[in-house]
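> The structure under discussion is supplied below as structure tokens; questions concerning it will follow.
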Amino acid sequence: MPFTLATWNINSVRLRAALVSRLLAEEAPDVLCLQECKSPVDMIPTEGFHALGYTHMVARGQKGYNGVAILSKLPLEDTGETDFAGLGHARHVSARLPNGVTIHNCYVPAGGDIPDRDQNVKFGQKLDYLTHLRDHFHEQRPARSILVGDLNIAPREDDVWDHKALLKIVSHTPIEVDHLNEAREAGGWVDVTRANLPEGRLYSWWSYRSPDWNAADKGRRLDHVWATADIANAGHSSRILRDVRGWDQPSDHAPVFATFDL
DNA sequence: ATGGTAGCGGAGCTA
């Protein structure tokens with residue numbers, strides 16, 4: 001049975017519940033992973049999602065910041081969260097589908113503005129988060145698993161609008177890219193988006209601060225879909241819904257989709 | 001080098 005999965009940094013699920021419902025109604029993914037819900041779990045407005053057939057949710061939340069949720073038409077078994085780097089933030093949750101596929105939904109710390117852990121505690125926390133994630137999945141050796149989320153790093157030269165201009169900008173510095181690639185390889189993860197779309201520039205985020213984001217197109221691919229090697233070949237039809245970034249009062253991220261024949 | 005926008009919560013932090 002094929003299933004379609006999407007990941008989207010929603011930047012407040014309460015403010016943008018109507019946008020979530022619109023995406024669910026128009027695109028009908030089986031599973032939608034959200035990041036930056038910025039809400040305690042019991043305050044997430046689930047009624048509209050239920051009405052569209054998304055009757056299952058596994059989430060972790062906190063007041064005002066962070067927060068991750070998995071909405072699903074298929075039953076979900078809550079398989080817990082890991083507090084990578086011990087930050088005490090709601091940045092990870094996982095759940096298992098009836099077909100045995102485990103989904104990890106991650107929100108990696110943005111890391112502040114200065115790419116130096118001696119001058120900027122947040123940058124160190126970002127690197128530590130990725131190191132812990134790397135070690136965790138190296139030990140766990142995941143199988144039949146998918147990891148999605150806002151990983152807050154654009155790893156490839158064609159994942160940013162200007163590689164040279166962004167080499168010292170947090171999200172594209174070599175040390176971050178190294179940490180992300182090490183984490184991916186240690187867990188045996190395959191970048192499904194790039195396996196499906198190996199050529200050309202791909203962005204999933206455009207800053208709110210750009211007055212004309214669409215024309216300027218100074219984007220970065222911060223949102224990712226990974227899968228373990230045993231199921232990565234089942235992934236196909238990856239796509240980024242750029243139009244969603246142009247909806248009224250949008251998130252600054254566009255949703256990333258993939259379909260798996262499993 | 002700076003400032004540009006947005007959400008939360010009601011000032012300043014985070015992104």
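Residue numbering restarts at 1 in every chain; chains get A, B, ... in the order shown in the structure tokens, and ligands count up from 1 in that same order.
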Would you kindly report the residues of chain B within 6 Å of chain A, using only C-alpha atoms (C1' of nucleotides), as a ChimeraX atom specification?

/B:4-5,8

> Could you take the residues named above and write them with N, CA, C and O atoms (P, O5', C5', C4', C3', O3' and C1' of nucleotides), as a compact mmCIF listing (two decimals), in the first residue's frame?


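File written: again03.txt
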# COMPACT_ATOMS: atom_id res chain seq x y z
P DG B 4 14.78 48.09 9.57
O5' DG B 4 13.90 47.05 8.75
C5' DG B 4 13.78 47.18 7.32
C4' DG B 4 13.66 45.82 6.69
C3' DG B 4 12.64 44.91 7.36
O3' DG B 4 11.35 45.12 6.79
C1' DG B 4 14.69 43.73 6.98
P DT B 5 10.08 45.11 7.73
O5' DT B 5 9.81 43.54 7.86
C5' DT B 5 9.66 42.74 6.71
C4' DT B 5 9.15 41.37 7.10
C3' DT B 5 7.85 41.36 7.91
O3' DT B 5 7.04 40.29 7.46
C1' DT B 5 9.54 40.30 9.16
P DC B 8 1.41 32.67 17.71
O5' DC B 8 2.16 32.96 19.08
C5' DC B 8 3.23 32.10 19.51
C4' DC B 8 3.82 32.62 20.80
C3' DC B 8 2.80 33.02 21.86
O3' DC B 8 3.25 32.55 23.11
C1' DC B 8 4.27 34.79 21.46

> Env of region 81-92 of chain A: 12 Å cut, atoms = only C-alpha atoms (C1' of nucleotides), seq-sep filter 2 positions within chain, self excluded. Answer as an MDAnalysis selection string.

chainID A and resid 9 33:41 58:70 78:79 94:95 103:110 121:122 124:137 147:151

> Among region 44-258 of chain A, which residues carry a DSSP assignment of alpha helix (DSSP H), reported as a PyMOL selection string?

chain A and resi 47-51+121-140+174-186+192-196+213-216+229-232

> Between CA of Arg141 (chain A) and CA of Gly188 (chain A), what is the distance in Å, rounded to a tenth?

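Those two atoms sit 7.5 Å apart.
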
> Write out as a list in words which residues come within 10 Å of Arg14 (chain A) when counting only C-alpha atoms (C1' of nucleotides), dropping same-chain ones fewer than 4 positions away.

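Answer for this query is Ile10, Ala18, Leu19, Val20, Cys37, Lys38, Ser39, Met43, Ile44, Pro45 and Thr46 of chain A.
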
> Which residues, written as a PyMOL selection string, have at least one atom at most 6 Å from Ala6 (chain A), with only C-alpha atoms (C1' of nucleotides) counted and residues fewer than 2 positions away on the same chain left out?

chain A and resi 32+256-257

> What gap, in Å, lies between CA of Asn214 (chain A) and CA of Arg245 (chain A)?

8.8 Å

> For Ser72 (chain A), which residue out of A:Asp178, A:Asp30, A:Asp217, A:Glu139 is the nearest one, using only C-alpha atoms?

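Closest to Ser72 (chain A), using only C-alpha atoms: A:Asp30.
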
> Can you pull out every residue from region 53-200 of chain A that DSSP, working from the backbone, puts in strand (DSSP E or B), and format the result as a PyMOL selection string?

chain A and resi 56-60+68-72+77-80+92-96+102-107+145-150+160+189-191

> Under the rule that only C-alpha atoms are counted, which of A:Gly48, A:Pro174, A:Gly200, A:Pro2 is the nearest residue to His236 (chain A)?

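Of the candidates, the smallest distance to His236 (chain A) is held by A:Pro2.
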
> Between CA of Val244 (chain A) and CA of Ala25 (chain A), what is the distance in Å, rounded to a tenth?

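So the answer is 13.1 Å.
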